[in-house]
>>> print(open('input-v8.txt').read())   # compact mmCIF, C-alpha atoms
# COMPACT_ATOMS: atom_id res chain seq x y z
CA MET A 1 8.67 9.73 -14.16
CA GLY A 2 8.25 10.97 -10.64
CA ASP A 3 9.00 14.37 -9.24
CA PRO A 4 12.79 14.98 -9.41
CA LEU A 5 12.65 16.22 -5.81
CA HIS A 6 11.70 12.73 -4.67
CA LEU A 7 13.29 9.31 -4.64
CA GLU A 8 11.27 6.36 -5.87
CA ALA A 9 10.90 2.94 -4.32
CA ARG A 10 9.49 0.63 -6.99
CA VAL A 11 7.91 -2.82 -6.72
CA THR A 12 6.13 -4.95 -9.32
CA ARG A 13 4.25 -8.17 -8.58
CA LYS A 14 2.02 -10.48 -10.62
CA ILE A 15 -1.09 -11.63 -8.77
CA PHE A 16 -3.25 -14.40 -10.16
CA VAL A 17 -6.67 -12.75 -9.85
CA SER A 18 -8.43 -9.97 -11.73
CA PRO A 19 -7.31 -6.34 -11.41
CA GLU A 20 -10.71 -5.57 -9.84
CA LEU A 21 -10.13 -7.99 -6.96
CA VAL A 22 -6.60 -6.72 -6.33
CA PHE A 23 -7.73 -3.08 -6.49
CA ASP A 24 -10.49 -3.84 -3.98
CA ALA A 25 -7.97 -5.46 -1.59
CA TRP A 26 -6.43 -2.03 -1.07
CA LEU A 27 -9.76 -0.67 0.19
CA SER A 28 -11.29 -3.59 2.10
CA PRO A 29 -10.62 -3.38 5.87
CA GLU A 30 -11.04 -7.17 6.10
CA LEU A 31 -8.35 -7.78 3.48
CA ILE A 32 -6.06 -4.97 4.65
CA ARG A 33 -5.90 -6.75 8.02
CA LYS A 34 -4.53 -9.80 6.19
CA TRP A 35 -1.85 -8.19 4.06
CA PHE A 36 -0.70 -5.06 5.88
CA ALA A 37 2.82 -5.41 7.37
CA PRO A 38 2.61 -9.19 7.82
CA GLY A 39 4.34 -10.50 10.91
CA MET A 40 4.86 -7.03 12.39
CA GLY A 41 2.00 -7.13 14.88
CA GLU A 42 -1.74 -7.25 15.49
CA MET A 43 -3.92 -4.95 13.43
CA VAL A 44 -5.79 -2.91 16.03
CA ARG A 45 -7.84 -0.69 13.72
CA VAL A 46 -8.43 -0.21 10.00
CA ASP A 47 -10.50 2.78 8.92
CA VAL A 48 -11.03 3.42 5.21
CA GLU A 49 -12.99 6.18 3.50
CA ALA A 50 -12.63 4.89 -0.06
CA ARG A 51 -13.11 7.99 -2.20
CA ALA A 52 -10.92 10.74 -3.61
CA GLY A 53 -10.25 13.04 -0.68
CA GLY A 54 -11.14 10.27 1.78
CA LYS A 55 -8.78 9.39 4.59
CA PHE A 56 -7.46 6.10 5.88
CA SER A 57 -5.82 4.97 9.10
CA PHE A 58 -4.21 1.58 9.79
CA VAL A 59 -3.12 0.99 13.39
CA GLN A 60 -0.85 -1.93 14.16
CA ARG A 61 0.43 -2.94 17.61
CA ARG A 62 4.19 -3.44 17.33
CA GLY A 63 6.21 -4.41 20.37
CA GLY A 64 3.65 -3.05 22.80
CA GLU A 65 3.07 0.27 21.02
CA ASP A 66 0.44 1.29 18.51
CA VAL A 67 1.84 2.55 15.20
CA GLU A 68 -0.58 4.44 12.98
CA HIS A 69 -0.20 4.71 9.19
CA THR A 70 -2.32 7.45 7.68
CA GLY A 71 -3.08 8.98 4.34
CA GLU A 72 -5.54 10.46 1.94
CA TYR A 73 -6.80 8.90 -1.26
CA LEU A 74 -5.89 11.16 -4.17
CA MET A 75 -7.16 9.04 -7.08
CA LEU A 76 -9.29 5.92 -7.28
CA GLU A 77 -9.88 4.68 -10.83
CA ARG A 78 -11.08 1.11 -10.39
CA PRO A 79 -9.51 -1.16 -11.55
CA THR A 80 -6.49 0.56 -13.10
CA HIS A 81 -5.08 3.26 -10.80
CA LEU A 82 -4.87 4.08 -7.12
CA GLU A 83 -2.94 6.95 -5.58
CA PHE A 84 -2.67 8.11 -1.98
CA THR A 85 -0.51 9.97 0.49
CA TRP A 86 1.29 7.95 3.15
CA GLY A 87 2.65 8.80 6.54
CA VAL A 88 3.57 7.44 9.95
CA PRO A 89 2.93 10.40 12.29
CA LYS A 90 4.64 8.75 15.27
CA HIS A 91 7.94 8.62 13.39
CA SER A 92 7.85 11.66 11.09
CA PRO A 93 5.63 14.54 10.04
CA ASP A 94 6.59 13.83 6.39
CA MET A 95 3.93 12.60 3.99
CA SER A 96 4.92 10.66 0.90
CA ARG A 97 2.94 9.57 -2.14
CA VAL A 98 2.14 6.07 -3.41
CA ARG A 99 0.99 5.42 -6.99
CA ILE A 100 -0.26 1.99 -8.03
CA THR A 101 -1.25 0.70 -11.46
CA PHE A 102 -3.07 -2.56 -12.09
CA THR A 103 -2.48 -4.03 -15.55
CA PRO A 104 -4.39 -7.08 -16.81
CA VAL A 105 -2.07 -9.93 -17.84
CA GLU A 106 -2.71 -13.55 -18.64
CA ASN A 107 -4.26 -15.28 -15.60
CA GLY A 108 -4.32 -12.17 -13.43
CA CYS A 109 -2.78 -8.74 -13.18
CA GLU A 110 0.50 -6.99 -12.68
CA VAL A 111 0.66 -4.56 -9.78
CA SER A 112 3.22 -1.77 -10.19
CA LEU A 113 3.78 0.36 -7.10
CA VAL A 114 5.85 3.54 -6.92
CA HIS A 115 6.42 5.10 -3.51
CA GLU A 116 7.80 8.63 -3.80
CA LEU A 117 10.04 9.45 -0.85
CA ASN A 118 11.54 12.71 0.32
CA PRO A 119 15.32 12.74 -0.35
CA ASN A 120 15.85 12.81 3.44
CA TRP A 121 14.71 9.17 3.39
CA ALA A 122 17.34 8.00 0.87
CA ASN A 123 18.62 5.32 3.25
CA TYR A 124 15.13 3.78 3.36
CA VAL A 125 14.48 3.12 -0.35
CA SER A 126 15.59 -0.52 -0.21
CA ARG A 127 13.77 -1.09 3.08
CA THR A 128 10.61 0.49 1.62
CA GLU A 129 10.80 -1.78 -1.44
CA GLY A 130 11.25 -4.79 0.83
CA ALA A 131 8.25 -3.84 2.96
CA TRP A 132 5.97 -3.33 -0.05
CA THR A 133 7.21 -6.62 -1.55
CA LYS A 134 6.23 -8.49 1.64
CA MET A 135 2.84 -6.77 1.68
CA LEU A 136 2.14 -7.56 -1.99
CA ASP A 137 3.14 -11.19 -1.36
CA ALA A 138 0.70 -11.34 1.57
CA MET A 139 -1.97 -9.61 -0.52
CA ALA A 140 -1.52 -12.19 -3.28
CA VAL A 141 -2.12 -15.00 -0.80
CA ALA A 142 -5.19 -13.27 0.64
CA VAL A 143 -6.89 -12.53 -2.69
CA GLU A 144 -5.90 -15.75 -4.46
CA LYS A 145 -7.49 -17.75 -1.61
CA ARG A 146 -10.76 -15.84 -2.07
CA SER A 147 -11.08 -16.35 -5.82
>>> encode(input="input-v8.txt", output="structure tokens")
Amino acid sequence: MGDPLHLEARVTRKIFVSPELVFDAWLSPELIRKWFAPGMGEMVRVDVEARAGGKFSFVQRRGGEDVEHTGEYLMLERPTHLEFTWGVPKHSPDMSRVRITFTPVENGCEVSLVHELNPNWANYVSRTEGAWTKMLDAMAVAVEKRS
């Protein structure tokens, strides 16, 4: 269970490739450009320092403005667990936490994502789940095409 001081947005998706390939899609700038916030705008920059304590920054141009998503990798245990902080500095100083597990299943893996949100963001749980669902769907297309 998550921290009782946080709300949890939860999404689960089966992807028909190995857990290793799906795990790597979270850290590959080339693949991040394909699955991050599909349809929201052009990916301007993707910087990834794929190690515990490493930072990331994804910048997407949305409606004429650049929106940066930032965080720090807290845990990278390929191919089973990934955890990082998550924030959008332009919209809020709050940082949240995202935990992802990759479980092998027949013909692929199951991706379980939990995004811990501050209670102030209670009205955004459903929207957050919808956004991660769209991104996991786009990720599935990107990695399944490569395999």
>>> residues_around(input="input-v8.txt", residues="A:Thr103", least_positions_apart="3", cutoff="8 Å", atoms="only C-alpha atoms", output="PyMOL selection string")
chain A and resi 19+80+109-111
>>> atom_distance(input="input-v8.txt", atom1="atom CA of A:Lys14", atom2="atom CA of A:Glu68")
28.0 Å
>>> atom_distance(input="input-v8.txt", atom1="atom CA of A:Arg13", atom2="atom CA of A:Arg61")
27.0 Å
>>> atom_distance(input="input-v8.txt", atom1="atom CA of A:Met43", atom2="atom CA of A:Leu27")
15.1 Å
>>> residues_around(input="input-v8.txt", residues="A:Gly130", least_positions_apart="5", cutoff="12 Å", atoms="only C-alpha atoms", output="list in words")
Ala9, Arg10, Val11, Thr12, Ala37, Pro38, His115, Tyr124, Val125, Met135, Leu136 and Asp137 of chain A
>>> residues_near_point(input="input-v8.txt", point="(-2.5, -15.7, 0.2)", cutoff="12 Å", atoms="all atoms listed in the file", output="JSON list (two decimals) with C-alpha atoms, in the coordinates of the input")
[["chain", "number", "residue", "atom", "x", "y", "z"],
["A", 15, "ILE", "CA", -1.09, -11.63, -8.77],
["A", 16, "PHE", "CA", -3.25, -14.40, -10.16],
["A", 17, "VAL", "CA", -6.67, -12.75, -9.85],
["A", 22, "VAL", "CA", -6.60, -6.72, -6.33],
["A", 25, "ALA", "CA", -7.97, -5.46, -1.59],
["A", 31, "LEU", "CA", -8.35, -7.78, 3.48],
["A", 34, "LYS", "CA", -4.53, -9.80, 6.19],
["A", 35, "TRP", "CA", -1.85, -8.19, 4.06],
["A", 38, "PRO", "CA", 2.61, -9.19, 7.82],
["A", 134, "LYS", "CA", 6.23, -8.49, 1.64],
["A", 135, "MET", "CA", 2.84, -6.77, 1.68],
["A", 136, "LEU", "CA", 2.14, -7.56, -1.99],
["A", 137, "ASP", "CA", 3.14, -11.19, -1.36],
["A", 138, "ALA", "CA", 0.70, -11.34, 1.57],
["A", 139, "MET", "CA", -1.97, -9.61, -0.52],
["A", 140, "ALA", "CA", -1.52, -12.19, -3.28],
["A", 141, "VAL", "CA", -2.12, -15.00, -0.80],
["A", 142, "ALA", "CA", -5.19, -13.27, 0.64],
["A", 143, "VAL", "CA", -6.89, -12.53, -2.69],
["A", 144, "GLU", "CA", -5.90, -15.75, -4.46],
["A", 145, "LYS", "CA", -7.49, -17.75, -1.61],
["A", 146, "ARG", "CA", -10.76, -15.84, -2.07],
["A", 147, "SER", "CA", -11.08, -16.35, -5.82]]
>>> closest_residue(input="input-v8.txt", among="A:Met75, A:Met40, A:Val48, A:Val98", to="A:Gly63", atoms="all atoms listed in the file")
A:Met40
>>> closest_residue(input="input-v8.txt", among="A:Ala50, A:Ile32, A:Leu82, A:Val44", to="A:Glu65", atoms="all atoms listed in the file")
A:Val44
>>> residues_around(input="input-v8.txt", residues="A:Asn120", least_positions_apart="3", cutoff="12 Å", atoms="only C-alpha atoms", output="VMD selection string")
chain A and resid 5 to 7 92 94 to 96 116 to 117 123 to 125
>>> closest_residue(input="input-v8.txt", among="A:Phe56, A:Phe36, A:Trp132, A:Phe84", to="A:Ser112", atoms="all atoms listed in the file")
A:Trp132
>>> residues_around(input="input-v8.txt", residues="A:Arg45", least_positions_apart="4", cutoff="10 Å", atoms="only C-alpha atoms", output="PyMOL selection string")
chain A and resi 29+33+57-61+66+68
>>> closest_residue(input="input-v8.txt", among="A:Gly41, A:Glu77, A:Val46, A:Leu113", to="A:Gly64", atoms="all atoms listed in the file")
A:Gly41
>>> closest_residue(input="input-v8.txt", among="A:Glu106, A:Glu8, A:Asp47, A:Glu83", to="A:Glu30", atoms="all atoms listed in the file")
A:Asp47
>>> build_atoms(input="input-v8.txt", residues="stretch 32-56 of chain A", atoms="N, CA and C atoms", output="compact mmCIF listing (two decimals), in the frame of the given file")
# COMPACT_ATOMS: atom_id res chain seq x y z
N ILE A 32 -7.22 -5.74 4.18
CA ILE A 32 -6.06 -4.97 4.65
C ILE A 32 -5.50 -5.61 5.92
N ARG A 33 -6.36 -6.07 6.79
CA ARG A 33 -5.90 -6.75 8.02
C ARG A 33 -5.05 -7.97 7.71
N LYS A 34 -5.26 -8.58 6.55
CA LYS A 34 -4.53 -9.80 6.19
C LYS A 34 -3.19 -9.52 5.52
N TRP A 35 -3.09 -8.41 4.80
CA TRP A 35 -1.85 -8.19 4.06
C TRP A 35 -0.96 -7.08 4.60
N PHE A 36 -1.50 -6.20 5.44
CA PHE A 36 -0.70 -5.06 5.88
C PHE A 36 0.39 -5.48 6.86
N ALA A 37 1.65 -5.17 6.52
CA ALA A 37 2.82 -5.41 7.37
C ALA A 37 2.77 -6.78 8.05
N PRO A 38 2.74 -7.84 7.25
CA PRO A 38 2.61 -9.19 7.82
C PRO A 38 3.75 -9.51 8.78
N GLY A 39 3.36 -10.09 9.92
CA GLY A 39 4.34 -10.50 10.91
C GLY A 39 4.84 -9.38 11.82
N MET A 40 4.37 -8.17 11.60
CA MET A 40 4.86 -7.03 12.39
C MET A 40 4.05 -6.80 13.66
N GLY A 41 2.83 -7.33 13.70
CA GLY A 41 2.00 -7.13 14.88
C GLY A 41 0.53 -7.22 14.55
N GLU A 42 -0.28 -7.15 15.61
CA GLU A 42 -1.74 -7.25 15.49
C GLU A 42 -2.31 -5.96 14.91
N MET A 43 -3.21 -6.11 13.97
CA MET A 43 -3.92 -4.95 13.43
C MET A 43 -5.00 -4.58 14.43
N VAL A 44 -4.88 -3.38 15.00
CA VAL A 44 -5.79 -2.91 16.03
C VAL A 44 -7.01 -2.22 15.42
N ARG A 45 -6.74 -1.44 14.34
CA ARG A 45 -7.84 -0.69 13.72
C ARG A 45 -7.51 -0.44 12.26
N VAL A 46 -8.54 -0.55 11.42
CA VAL A 46 -8.43 -0.21 10.00
C VAL A 46 -9.66 0.61 9.63
N ASP A 47 -9.43 1.88 9.34
CA ASP A 47 -10.50 2.78 8.92
C ASP A 47 -10.21 3.22 7.50
N VAL A 48 -11.20 3.08 6.62
CA VAL A 48 -11.03 3.42 5.21
C VAL A 48 -12.24 4.22 4.73
N GLU A 49 -11.97 5.37 4.16
CA GLU A 49 -12.99 6.18 3.50
C GLU A 49 -12.61 6.20 2.02
N ALA A 50 -13.09 5.18 1.29
CA ALA A 50 -12.63 4.89 -0.06
C ALA A 50 -13.25 5.81 -1.12
N ARG A 51 -12.70 7.02 -1.17
CA ARG A 51 -13.11 7.99 -2.20
C ARG A 51 -11.99 9.01 -2.31
N ALA A 52 -11.91 9.68 -3.45
CA ALA A 52 -10.92 10.74 -3.61
C ALA A 52 -11.16 11.79 -2.53
N GLY A 53 -10.13 12.13 -1.80
CA GLY A 53 -10.25 13.04 -0.68
C GLY A 53 -10.54 12.34 0.64
N GLY A 54 -10.88 11.04 0.57
CA GLY A 54 -11.14 10.27 1.78
C GLY A 54 -9.85 9.90 2.48
N LYS A 55 -9.95 9.71 3.77
CA LYS A 55 -8.78 9.39 4.59
C LYS A 55 -8.77 7.91 4.96
N PHE A 56 -7.57 7.44 5.33
CA PHE A 56 -7.46 6.10 5.88
C PHE A 56 -6.52 6.13 7.07
